[in-house]
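> Input final_3.cif, format and content: mmCIF, C-alpha atoms and all ligand atoms.
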data_model
#
loop_
_atom_site.label_atom_id
_atom_site.label_comp_id
_atom_site.auth_asym_id
_atom_site.auth_seq_id
_atom_site.Cartn_x
_atom_site.Cartn_y
_atom_site.Cartn_z
CA MET A 820 6.57 0.40 32.19
CA LYS A 821 9.11 2.55 30.34
CA LYS A 822 11.88 0.81 28.43
CA GLY A 823 15.49 1.84 29.04
CA ILE A 824 17.37 3.34 26.12
CA ALA A 825 21.00 4.24 25.39
CA VAL A 826 21.81 6.48 22.42
CA ILE A 827 25.41 5.99 21.31
CA GLY A 828 26.42 9.01 19.23
CA ALA A 829 23.63 11.24 20.54
CA THR A 830 25.18 14.45 19.17
CA GLY A 831 25.37 13.31 15.54
CA SER A 832 22.86 13.43 12.72
CA ILE A 833 21.08 10.15 13.62
CA GLY A 834 21.58 10.72 17.35
CA LYS A 835 19.95 14.16 17.31
CA GLN A 836 16.95 12.87 15.37
CA THR A 837 16.60 10.06 17.91
CA VAL A 838 16.79 12.51 20.82
CA ARG A 839 14.13 14.66 19.13
CA LEU A 840 11.76 11.69 18.87
CA LEU A 841 12.50 10.62 22.45
CA SER A 842 11.60 14.03 23.79
CA SER A 843 8.38 14.25 21.73
CA THR A 844 6.56 11.22 20.26
CA PHE A 845 8.19 8.72 22.62
CA SER A 846 8.46 10.75 25.83
CA ASN A 847 6.24 8.29 27.71
CA GLN A 848 7.77 5.13 26.27
CA TYR A 849 11.44 5.43 27.16
CA LYS A 850 13.64 6.22 30.13
CA THR A 851 17.02 7.49 28.94
CA ILE A 852 19.77 5.56 30.70
CA GLY A 853 22.66 7.09 28.79
CA LEU A 854 23.71 9.37 25.95
CA THR A 855 27.17 9.56 24.45
CA SER A 856 29.31 11.78 22.24
CA ASN A 857 32.93 11.76 21.12
CA ASN A 858 33.94 15.37 21.93
CA ASN A 859 30.81 17.47 21.83
CA ILE A 860 30.05 18.17 25.48
CA LYS A 861 27.78 21.16 24.92
CA ASN A 862 25.18 19.32 22.85
CA LEU A 863 25.50 16.20 24.96
CA PHE A 864 24.62 18.19 28.06
CA ALA A 865 21.70 19.89 26.35
CA HIS A 866 20.26 16.55 25.16
CA GLY A 867 21.04 14.77 28.42
CA ASP A 868 19.34 17.40 30.54
CA SER A 869 16.27 17.56 28.28
CA LEU A 870 15.83 13.77 28.53
CA ASN A 871 16.91 13.54 32.15
CA SER A 872 19.53 10.99 31.16
CA GLU A 873 21.05 8.99 34.02
CA LYS A 874 24.49 9.11 32.40
CA MET A 875 26.34 11.14 29.82
CA ILE A 876 29.53 9.74 28.39
CA VAL A 877 32.18 11.53 26.35
CA ALA A 878 34.31 8.96 24.52
CA ASN A 879 37.41 11.09 24.10
CA PRO A 880 38.86 11.77 27.57
CA SER A 881 40.91 14.74 26.38
CA SER A 882 37.70 16.62 25.59
CA VAL A 883 36.54 16.74 29.17
CA ALA A 884 37.80 19.38 31.56
CA PHE A 885 35.92 18.24 34.66
CA PRO A 886 36.43 21.34 36.84
CA THR A 887 34.79 23.50 34.18
CA LEU A 888 31.77 21.26 33.64
CA GLN A 889 28.40 22.86 34.18
CA GLN A 890 25.93 21.62 36.77
CA THR A 891 23.85 18.60 35.78
CA ASN A 892 21.94 15.84 37.52
CA SER A 893 23.45 13.17 35.29
CA LYS A 894 26.54 11.15 36.03
CA ILE A 895 29.32 12.33 33.71
CA LEU A 896 31.87 9.80 32.51
CA SER A 897 34.69 9.96 30.05
CA GLY A 898 36.33 7.15 28.06
CA LYS A 899 35.08 4.66 25.54
CA GLU A 900 35.13 1.83 28.07
CA TYR A 901 32.11 3.47 29.75
CA ILE A 902 30.20 3.21 26.47
CA ASN A 903 31.01 -0.51 26.43
CA ASP A 904 29.64 -0.76 29.99
CA LEU A 905 26.54 1.30 29.21
CA VAL A 906 25.36 -0.92 26.34
CA GLN A 907 25.47 -3.95 28.64
CA GLU A 908 23.64 -2.37 31.60
CA GLU A 909 20.66 -4.32 32.86
CA SER A 910 18.34 -1.31 32.70
CA VAL A 911 19.07 -0.78 28.98
CA ASP A 912 16.56 -2.53 26.70
CA LEU A 913 17.32 -0.72 23.44
CA VAL A 914 20.68 0.56 22.17
CA VAL A 915 20.64 3.04 19.29
CA MET A 916 24.05 2.63 17.67
CA ALA A 917 24.75 5.84 15.78
CA ILE A 918 28.49 6.37 15.78
CA PRO A 919 30.27 6.20 12.44
CA GLY A 920 32.91 3.77 11.28
CA THR A 921 34.61 0.87 12.97
CA ALA A 922 34.54 2.74 16.31
CA ALA A 923 31.11 1.10 16.75
CA ILE A 924 32.24 -2.52 16.40
CA GLU A 925 33.12 -3.32 20.00
CA ALA A 926 30.09 -1.70 21.64
CA THR A 927 27.68 -3.22 19.09
CA TYR A 928 29.11 -6.66 19.72
CA LEU A 929 28.95 -6.27 23.50
CA ALA A 930 25.34 -5.05 23.31
CA LEU A 931 24.37 -8.13 21.29
CA LYS A 932 26.30 -10.37 23.68
CA ALA A 933 24.29 -8.82 26.50
CA GLY A 934 21.08 -9.77 24.63
CA LYS A 935 20.02 -6.20 23.82
CA VAL A 936 17.88 -4.98 20.97
CA VAL A 937 20.20 -2.86 18.82
CA ALA A 938 18.76 -0.25 16.47
CA LEU A 939 21.73 -0.21 14.15
CA ALA A 940 22.51 2.82 12.01
CA ASN A 941 26.20 1.97 11.85
CA LYS A 942 26.79 -0.16 8.76
CA GLU A 943 30.54 -0.61 9.23
CA SER A 944 30.14 -3.01 12.16
CA ILE A 945 28.13 -5.36 9.94
CA VAL A 946 30.48 -4.92 6.97
CA ALA A 947 33.56 -5.65 9.08
CA ALA A 948 32.21 -8.15 11.60
CA GLY A 949 28.77 -9.18 10.37
CA GLU A 950 29.09 -12.92 10.81
CA LEU A 951 30.30 -12.49 14.41
CA MET A 952 27.48 -10.01 15.14
CA LEU A 953 24.82 -12.40 13.79
CA LYS A 954 26.32 -15.26 15.75
CA ALA A 955 26.18 -13.21 18.97
CA GLU A 956 22.62 -12.11 18.17
CA LYS A 957 21.53 -15.73 17.79
CA GLN A 958 23.47 -17.09 20.75
CA TYR A 959 22.51 -14.46 23.34
CA GLY A 960 18.96 -13.61 22.25
CA GLY A 961 19.53 -10.00 21.18
CA LYS A 962 18.10 -8.46 18.03
CA ILE A 963 19.42 -6.21 15.30
CA ILE A 964 16.89 -3.75 13.88
CA PRO A 965 18.54 -2.04 10.92
CA ILE A 966 17.95 1.71 10.72
CA ASP A 967 20.03 2.42 7.67
CA SER A 968 17.05 3.53 5.53
CA GLU A 969 17.47 0.91 2.80
CA HIS A 970 17.84 -1.97 5.23
CA ASN A 971 15.08 -0.71 7.46
CA SER A 972 12.84 -0.60 4.39
CA ILE A 973 13.65 -4.20 3.49
CA PHE A 974 13.06 -5.23 7.13
CA ARG A 975 9.66 -3.53 7.00
CA LEU A 976 8.80 -5.07 3.64
CA LEU A 977 9.55 -8.47 5.19
CA ASN A 978 7.12 -7.76 8.06
CA ASN A 979 9.84 -7.01 10.59
CA SER A 980 11.98 -9.97 9.68
CA ARG A 981 15.30 -10.72 7.98
CA GLU A 982 14.05 -13.99 6.50
CA SER A 983 14.94 -14.15 2.81
CA LYS A 984 13.51 -17.49 1.73
CA ASN A 985 10.90 -15.96 -0.65
CA ILE A 986 13.19 -13.30 -2.09
CA ALA A 987 14.67 -13.62 -5.57
CA LYS A 988 16.56 -10.33 -5.55
CA LEU A 989 16.98 -7.08 -3.63
CA THR A 990 17.46 -3.58 -5.02
CA ILE A 991 18.65 -0.66 -2.93
CA THR A 992 18.55 2.86 -4.25
CA ALA A 993 21.33 5.45 -4.37
CA SER A 994 20.71 9.17 -4.68
CA GLY A 995 23.93 9.50 -6.70
CA GLY A 996 25.27 12.14 -4.29
CA PRO A 997 26.39 15.68 -5.10
CA PHE A 998 28.36 14.71 -8.24
CA LEU A 999 25.64 12.82 -10.08
CA GLY A 1000 26.10 13.21 -13.83
CA LYS A 1001 29.77 14.21 -13.60
CA LYS A 1002 32.58 12.26 -15.26
CA ILE A 1003 35.58 11.06 -13.21
CA HIS A 1004 37.95 13.63 -14.78
CA GLU A 1005 35.61 16.44 -13.65
CA LEU A 1006 36.09 15.36 -10.03
CA GLN A 1007 39.88 15.88 -9.87
CA ASN A 1008 39.70 19.13 -7.95
CA VAL A 1009 36.45 18.95 -6.00
CA THR A 1010 36.74 20.35 -2.49
CA PRO A 1011 35.61 18.71 0.77
CA LYS A 1012 32.90 21.40 1.02
CA GLU A 1013 31.48 20.41 -2.38
CA ALA A 1014 31.68 16.70 -1.57
CA LEU A 1015 29.92 17.21 1.80
CA ASN A 1016 27.03 19.03 0.16
CA HIS A 1017 24.59 16.14 -0.23
CA PRO A 1018 21.49 17.06 -2.27
CA SER A 1019 18.89 15.07 -0.33
CA TRP A 1020 20.24 13.79 3.00
CA SER A 1021 21.71 15.62 5.98
CA MET A 1022 24.42 13.36 7.42
CA GLY A 1023 27.76 13.30 9.24
CA PRO A 1024 31.03 13.84 7.31
CA LEU A 1025 32.11 10.20 6.79
CA VAL A 1026 28.78 8.99 5.43
CA SER A 1027 28.41 12.18 3.31
CA ILE A 1028 31.77 11.59 1.57
CA ASN A 1029 30.91 7.90 1.25
CA SER A 1030 27.71 8.97 -0.49
CA ALA A 1031 29.66 11.18 -2.89
CA THR A 1032 32.03 8.32 -3.84
CA LEU A 1033 29.19 5.75 -3.64
CA MET A 1034 31.30 3.73 -1.22
CA ASN A 1035 28.22 4.09 0.97
CA LYS A 1036 26.17 2.05 -1.50
CA GLY A 1037 28.91 -0.57 -1.77
CA LEU A 1038 29.01 -0.91 2.03
CA GLU A 1039 25.22 -1.14 2.08
CA ILE A 1040 25.22 -3.99 -0.43
CA ILE A 1041 27.61 -5.93 1.82
CA GLU A 1042 25.45 -4.99 4.84
CA ALA A 1043 22.28 -6.19 3.09
CA SER A 1044 23.93 -9.41 2.01
CA ILE A 1045 24.91 -10.24 5.60
CA LEU A 1046 21.76 -9.01 7.34
CA PHE A 1047 19.32 -10.70 4.97
CA GLY A 1048 21.43 -13.73 4.06
CA MET A 1049 21.38 -12.92 0.33
CA PRO A 1050 24.35 -13.45 -2.01
CA ILE A 1051 25.96 -10.18 -3.17
CA GLU A 1052 25.20 -11.18 -6.78
CA LYS A 1053 21.47 -10.98 -6.00
CA ILE A 1054 21.62 -7.42 -4.68
CA ASP A 1055 21.87 -4.46 -6.98
CA SER A 1056 21.63 -0.74 -6.75
CA VAL A 1057 19.91 1.83 -8.94
CA ILE A 1058 20.29 5.60 -9.03
CA HIS A 1059 17.19 7.35 -7.70
CA PRO A 1060 17.99 11.05 -7.18
CA GLU A 1061 14.78 11.93 -5.29
CA SER A 1062 15.60 9.35 -2.56
CA LYS A 1063 11.94 8.50 -1.96
CA ILE A 1064 12.12 4.80 -2.78
CA HIS A 1065 14.68 3.24 -0.46
CA ALA A 1066 14.62 -0.42 -1.36
CA MET A 1067 12.75 -2.99 -3.42
CA VAL A 1068 12.16 -6.64 -2.65
CA HIS A 1069 11.72 -8.79 -5.76
CA TRP A 1070 9.82 -11.90 -4.76
CA LYS A 1071 10.27 -15.39 -6.17
CA ASP A 1072 6.80 -15.27 -7.81
CA GLY A 1073 7.90 -12.34 -10.01
CA ALA A 1074 6.19 -9.53 -8.05
CA SER A 1075 8.11 -6.69 -6.38
CA SER A 1076 7.41 -4.52 -3.32
CA MET A 1077 8.98 -1.18 -2.50
CA LEU A 1078 8.92 1.25 0.41
CA VAL A 1079 8.48 4.96 -0.23
CA ASN A 1080 8.91 7.83 2.19
CA PRO A 1081 10.60 11.23 2.12
CA PRO A 1082 14.40 11.24 2.53
CA ARG A 1083 14.46 11.63 6.30
CA MET A 1084 15.93 9.17 8.77
CA SER A 1085 13.17 9.88 11.27
CA TYR A 1086 11.02 7.23 9.50
CA ALA A 1087 13.50 4.42 10.15
CA ILE A 1088 14.28 5.66 13.68
CA ASN A 1089 10.57 5.91 14.48
CA HIS A 1090 10.11 2.36 13.23
CA ALA A 1091 12.89 1.08 15.48
CA LEU A 1092 11.69 3.01 18.55
CA SER A 1093 8.14 1.70 17.99
CA TYR A 1094 9.24 -1.91 17.38
CA PRO A 1095 7.64 -4.44 17.82
CA GLU A 1096 4.52 -2.26 17.67
CA TYR A 1097 3.39 -0.60 14.45
CA PRO A 1098 5.32 2.70 13.87
CA ARG A 1099 3.78 5.81 15.40
CA LEU A 1100 2.48 8.64 13.26
CA ILE A 1101 5.24 11.19 12.73
CA SER A 1102 4.12 12.80 9.50
CA THR A 1103 0.84 13.14 7.67
CA LEU A 1104 0.82 11.97 4.08
CA LYS A 1105 0.79 15.01 1.82
CA ASP A 1106 1.25 13.45 -1.60
CA THR A 1107 0.20 9.89 -2.29
CA SER A 1108 -0.52 10.31 -5.99
CA PHE A 1109 3.17 10.17 -6.97
CA GLU A 1110 2.28 11.96 -10.18
CA GLY A 1111 5.14 11.95 -12.64
CA GLY A 1112 6.41 8.68 -11.17
CA PHE A 1113 9.91 8.09 -9.90
CA LYS A 1114 13.18 8.53 -11.75
CA LEU A 1115 15.38 5.44 -11.67
CA HIS A 1116 18.62 5.07 -13.68
CA LYS A 1117 21.10 2.28 -14.10
CA LEU A 1118 24.20 2.69 -11.95
CA ASP A 1119 27.33 2.76 -14.12
CA GLU A 1120 30.01 1.03 -12.03
CA LYS A 1121 32.79 2.52 -14.20
CA LEU A 1122 31.94 5.98 -12.85
CA TYR A 1123 32.11 4.85 -9.22
CA PRO A 1124 35.35 2.97 -8.49
CA CYS A 1125 34.65 2.86 -4.71
CA TYR A 1126 31.32 1.12 -5.31
CA LYS A 1127 33.02 -1.44 -7.55
CA LEU A 1128 35.82 -2.05 -5.02
CA ALA A 1129 33.26 -2.59 -2.26
CA LYS A 1130 31.26 -5.10 -4.29
CA GLU A 1131 34.44 -7.00 -5.15
CA ALA A 1132 35.60 -6.99 -1.52
CA GLY A 1133 32.18 -8.26 -0.44
CA LEU A 1134 32.60 -11.26 -2.73
CA GLU A 1135 35.99 -12.09 -1.23
CA GLU A 1136 36.71 -13.79 2.06
CA ASN A 1137 39.82 -13.24 4.16
CA GLY A 1138 38.79 -10.05 5.85
CA HIS A 1139 38.64 -7.98 2.65
CA PRO A 1140 35.60 -5.96 3.78
CA ILE A 1141 37.49 -4.98 6.96
CA VAL A 1142 40.47 -3.78 4.90
CA LEU A 1143 38.14 -1.96 2.49
CA ASN A 1144 36.34 -0.17 5.27
CA ALA A 1145 39.41 0.78 7.31
CA SER A 1146 41.36 2.09 4.29
CA ASN A 1147 38.30 4.03 3.16
CA GLU A 1148 38.03 5.74 6.56
CA ILE A 1149 41.71 6.74 6.39
CA ALA A 1150 41.36 7.98 2.81
CA VAL A 1151 38.22 9.99 3.64
CA SER A 1152 39.77 11.68 6.67
CA ASN A 1153 42.87 12.57 4.62
CA PHE A 1154 40.64 13.99 1.88
CA LEU A 1155 38.73 16.07 4.45
CA GLU A 1156 42.06 17.38 5.78
CA GLY A 1157 43.09 18.38 2.25
CA LYS A 1158 45.95 15.83 2.11
CA ILE A 1159 44.68 13.83 -0.87
CA LYS A 1160 42.34 14.48 -3.79
CA PHE A 1161 38.81 13.13 -4.01
CA THR A 1162 39.86 10.90 -6.92
CA GLN A 1163 42.70 9.40 -4.84
CA ILE A 1164 40.26 7.89 -2.32
CA PRO A 1165 39.69 4.71 -4.41
CA LYS A 1166 43.42 4.48 -5.13
CA VAL A 1167 44.24 4.32 -1.41
CA ILE A 1168 41.64 1.61 -0.93
CA GLU A 1169 42.70 -0.45 -3.94
CA LYS A 1170 46.38 -0.37 -3.01
CA THR A 1171 45.60 -1.32 0.60
CA LEU A 1172 43.44 -4.22 -0.57
CA ILE A 1173 46.27 -5.43 -2.80
CA GLY A 1174 49.00 -4.86 -0.21
CA MET A 1175 47.39 -6.35 2.88
CA THR A 1176 47.34 -10.06 3.50
CA SER A 1177 44.65 -10.92 5.97
CA LYS A 1178 42.72 -13.93 7.09
CA ASN A 1179 39.13 -14.43 8.11
CA PRO A 1180 38.82 -13.13 11.67
CA LYS A 1181 37.87 -15.65 14.36
CA ASP A 1182 36.76 -13.08 16.90
CA ILE A 1183 36.26 -9.35 17.42
CA ASN A 1184 39.87 -8.85 18.54
CA GLU A 1185 41.07 -10.18 15.20
CA VAL A 1186 38.62 -7.87 13.39
CA LEU A 1187 40.05 -4.90 15.29
CA MET A 1188 43.60 -6.06 14.58
CA ILE A 1189 43.00 -6.29 10.81
CA ASP A 1190 41.26 -2.92 10.95
CA ASN A 1191 44.22 -1.35 12.73
CA GLU A 1192 46.84 -2.87 10.40
CA SER A 1193 44.87 -1.69 7.36
CA ARG A 1194 44.72 1.84 8.76
CA LEU A 1195 48.47 1.87 9.28
CA PHE A 1196 49.05 0.51 5.77
CA ALA A 1197 46.73 3.09 4.15
CA SER A 1198 48.20 5.96 6.21
CA ASP A 1199 51.70 4.94 5.18
CA LEU A 1200 50.69 4.89 1.48
CA ILE A 1201 49.49 8.46 1.83
CA LYS A 1202 52.42 9.68 3.88
CA THR A 1203 55.00 8.19 1.52
CA LYS A 1204 53.02 9.39 -1.51
CA LYS A 1205 52.68 5.90 -2.98
CA ILE A 1206 49.26 6.59 -4.47
P1 LIG B 1301 27.71 11.96 12.71
O1 LIG B 1301 29.11 12.18 12.29
O2 LIG B 1301 26.70 13.01 12.42
O3 LIG B 1301 27.64 11.68 14.29
C1 LIG B 1301 28.47 10.79 14.91
C2 LIG B 1301 28.19 10.65 16.39
O4 LIG B 1301 29.08 9.70 16.94
C3 LIG B 1301 28.42 11.93 17.18
O5 LIG B 1301 27.66 11.88 18.36
C4 LIG B 1301 29.90 11.83 17.51
O6 LIG B 1301 30.28 12.61 18.64
C5 LIG B 1301 30.02 10.34 17.83
N1 LIG B 1301 31.33 9.79 17.52
C6 LIG B 1301 32.09 10.03 16.43
N2 LIG B 1301 33.23 9.32 16.48
C7 LIG B 1301 33.19 8.61 17.64
C8 LIG B 1301 34.10 7.72 18.26
N3 LIG B 1301 35.28 7.38 17.72
N4 LIG B 1301 33.75 7.19 19.46
C9 LIG B 1301 32.56 7.51 20.02
N5 LIG B 1301 31.67 8.37 19.49
C10 LIG B 1301 31.98 8.91 18.30
O7 LIG B 1301 27.28 10.57 12.07
P2 LIG B 1301 25.86 10.14 11.48
O8 LIG B 1301 24.80 10.31 12.50
O9 LIG B 1301 25.66 10.74 10.14
O10 LIG B 1301 26.11 8.58 11.21
C11 LIG B 1301 26.21 7.65 12.26
C12 LIG B 1301 26.17 6.24 11.67
O11 LIG B 1301 24.89 6.06 11.06
C13 LIG B 1301 27.21 6.01 10.55
O12 LIG B 1301 27.70 4.70 10.63
C14 LIG B 1301 26.42 6.19 9.27
O13 LIG B 1301 26.94 5.44 8.20
C15 LIG B 1301 25.04 5.68 9.69
N6 LIG B 1301 23.96 6.26 8.92
C16 LIG B 1301 23.74 7.62 8.94
C17 LIG B 1301 22.73 8.18 8.20
C18 LIG B 1301 22.41 9.64 8.28
O14 LIG B 1301 21.42 10.07 7.66
N7 LIG B 1301 23.17 10.43 9.00
C19 LIG B 1301 21.90 7.35 7.32
C20 LIG B 1301 22.16 5.94 7.43
C21 LIG B 1301 23.18 5.43 8.17
P3 LIG B 1301 30.75 14.16 18.47
O15 LIG B 1301 29.50 14.93 18.11
O16 LIG B 1301 31.31 14.51 19.77
O17 LIG B 1301 31.76 14.16 17.34
#
In structure tokens, how does this file's structure come out?
Ligand code: NDP


Amino acid sequence: MKKGIAVIGATGSIGKQTVRLLSSTFSNQYKTIGLTSNNNIKNLFAHGDSLNSEKMIVANPSSVAFPTLQQTNSKILSGKEYINDLVQEESVDLVVMAIPGTAAIEATYLALKAGKVVALANKESIVAAGELMLKAEKQYGGKIIPIDSEHNSIFRLLNNSRESKNIAKLTITASGGPFLGKKIHELQNVTPKEALNHPSWSMGPLVSINSATLMNKGLEIIEASILFGMPIEKIDSVIHPESKIHAMVHWKDGASSMLVNPPRMSYAINHALSYPEYPRLISTLKDTSFEGGFKLHKLDEKLYPCYKLAKEAGLEENGHPIVLNASNEIAVSNFLEGKIKFTQIPKVIEKTLIGMTSKNPKDINEVLMIDNESRLFASDLIKTKKI
């Protein structure tokens, strides 16, 4: 029997790659219950019709002009509350969570509370609300399968588990982004276009800028620490510009394992769609000699203030990762709109972390409250030019 799937963020980079696999390699395995987008109706309709999706949901109601909608057999809905309903539907077995930022927190939590398997690309929901997500996973019998490539690699290296009892240390790799090799003073006037131009990965705007500042790697260290139950101090990151090695597990006996595949998210998505079976063949191996080896360099934290701030926030309690993440999202969107410089992104985050007093959240509502207050604080810093 086919499993039911919902793809949240079907029109984005991860979402489109998922849709591609669903309409090819996995066409006989899944029935598409729902696809969602934020504003992009055109692509949503194209994907939804190709997969015969029961529902298509546009999160932002102002994007939908119902009288002008084209003909489709799917049910069209608009509003984020319908996404929250979709992830809990009985016919949905697997939720692919591929929307960026804290917008994913509520739906991810509700999916886990409904006992669903969640293929999780969104790292921010773990960074901001990881303990609550893991608690819901355990209590209601759901399962998180990480599809962030580094975390998916660790999960695979642990034979589809998140059990860390035999691990001494974890290493995740960072490509270094488009400004690898540059000094901080050379980044004063970089444009959004330059910062979005990632050398090895094709990703949405938030994660692309996070890769350029290396905030992405900082968030991933927090994510790995929560998902695999490892202290932050035992997780490090190395620069690996080719992005072929994604993660290394260093075992307690002194040996290490690593996972290597080309820098394409289809490997991790394929793994999650195949789970618990062995991943399907999506690419034939062309080069297994790895002649010339792999280039790995030490990551100099002084060059990447966002990475350093993230690691520090991960070590703190009192909701610091939520504040970090929310202020980063505000800073990134202001940078993309040309309102602040690239080098001001860490300043916004640092000042918000210093200025906000927060406590450890007891539930998802408190997470969302801290997130919202941090956004307001960071926005005000920018508006009043206090950075
Ligand atoms: P994109 O920006 O490419 O796509 C985002 C998707 O989510 C789109 O479908 C978009 O709709 C929708 N969306 C955006 N904002 C909202 C919102 N507020 N409410 C509901 N839907 C929304 O993102 P990516 O695919 O690059 O990334 C998705 C997540 O996966 C991120 O958390 C990222 O960190 C993570 N990730 C991504 C990787 C990649 O290679 N892209 C690698 C590893 C992790 P619309 O098209 O209408 O805007």

> Counting all atoms listed in the file, what are the residues, protein, DNA or RNA alike, that approach ligand LIG 1301 (chain B) to within 6 Å? I want them as a PyMOL selection string.

chain A and resi 828-834+856-859+878+917-920+922+940-942+967-968+1021-1024+1026+1084

> Taking 2 positions as the minimum chain separation for residues in the same chain, which residues sit within 10 Å of region 1102-1105 of chain A when counting all atoms listed in the file? Answer as a PyMOL selection string.

chain A and resi 1080-1081+1085-1086+1099-1100+1107-1108

> Between A:His1065, A:Lys1071, A:Lys962, A:Arg839, which residue has the minimum interatomic distance to Ile986 (chain A), considering all atoms listed in the file?

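Among the listed residues, the smallest separation from Ile986 (chain A) belongs to A:Lys1071.
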
> Can you list, as number ranges by chain, every protein, DNA or RNA residue that comes within 7 Å of Ala1091 (chain A) when you count only C-alpha atoms, leaving out same-chain residues fewer than 2 positions away?

A: 938, 964, 966, 1087-1089, 1093-1094

> Put the listed atoms of region 994-1002 of chain A in a box along x, y and z with 3 Å added on every side and give me the centre and edge lengths in Å to one decimal, as AutoDock Vina command-line options.


--center_x 26.6 --center_y 12.4 --center_z -9.8 --size_x 17.9 --size_y 12.5 --size_z 17.0

> I'd like the interatomic distance between CA of Val877 (chain A) and CA of Gly853 (chain A), to a tenth of an Å.

10.8 Å

> Please measure the separation of CA of Glu943 (chain A) and CA of Leu1122 (chain A), giving the value in Å to one decimal.

23.1 Å

> Rounded to one decimal, what separation in Å do you get between CA of Ile895 (chain A) and CA of Gln848 (chain A)?

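Taking CA of Ile895 (chain A) as the start and CA of Gln848 (chain A) as the end point, the length is 23.9 Å.
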
> What lies within 12 Å of Ile1201 (chain A) using only C-alpha atoms, ignoring chain neighbours under 6 positions off, as number ranges by chain?

A: 1146, 1149-1154, 1157-1160, 1163-1164, 1166-1168, 1170-1171, 1194-1195

> Could you give me, as JSON, numbers by chain, the residues within 6 Å of region 1126-1132 of chain A, counting all atoms listed in the file and dropping anything in the same chain fewer than 3 positions from it?

{"A": [1033, 1034, 1037, 1120, 1123, 1135, 1139, 1140]}

> What would the file look like if the residues just selected were written as a short mmCIF file (atom, residue, chain, number, x, y, z; two decimals), in the coordinates of the input with C-alpha atoms?


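Produced file again.cif, reproduced below:
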data_model
loop_
_atom_site.label_atom_id
_atom_site.label_comp_id
_atom_site.auth_asym_id
_atom_site.auth_seq_id
_atom_site.Cartn_x
_atom_site.Cartn_y
_atom_site.Cartn_z
CA LEU A 1033 29.19 5.75 -3.64
CA MET A 1034 31.30 3.73 -1.22
CA GLY A 1037 28.91 -0.57 -1.77
CA GLU A 1120 30.01 1.03 -12.03
CA TYR A 1123 32.11 4.85 -9.22
CA GLU A 1135 35.99 -12.09 -1.23
CA HIS A 1139 38.64 -7.98 2.65
CA PRO A 1140 35.60 -5.96 3.78
#

> Tell me, as a list in words, which residues lie within 9 Å of Met1175 (chain A), counting all atoms listed in the file; anything in the same chain fewer than 6 positions away does not count.

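Close residues of Met1175 (chain A): His1139, Val1142, Glu1192, Ser1193 and Phe1196 of chain A.
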
> With distances taken over all atoms listed in the file, which residue among A:Lys850, A:Lys1002, A:Lys935, A:His866 lies nearest Lys1121 (chain A)?

A:Lys1002

> So which one's closest to Asn903 (chain A), A:Ser980, A:Gln958, A:Met1077, A:Ile827? Using all atoms listed in the file, please.

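When distances to Asn903 (chain A) are compared using all atoms listed in the file, the smallest one comes from A:Ile827.
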
> Which residue is closest to Gly995 (chain A)? Choose from A:Leu896, A:Leu1118, A:Ala1066, A:Val1009 and count only C-alpha atoms.

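That would be A:Leu1118, the residue with the smallest distance to Gly995 (chain A).
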
> Can you work out which one of A:Leu1015, A:Leu1078, A:Ile1028, A:Val1057 has the shortest atom-to-atom distance to Asn971 (chain A), counting all atoms listed in the file?

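When distances to Asn971 (chain A) are compared using all atoms listed in the file, the smallest one comes from A:Leu1078.
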
> From the options A:Gly934, A:Gly1174, A:Pro1098, A:Pro1060, which residue's atoms come nearest to Gly996 (chain A), counting all atoms listed in the file?

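So, comparing all the options, the nearest one is A:Pro1060.
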
> Mind listing as number ranges by chain all residues within 12 Å of (36.3, 19.9, -5.2), counting all atoms listed in the file?

A: 997-998, 1003-1016, 1028, 1031, 1154-1155, 1157, 1159-1162
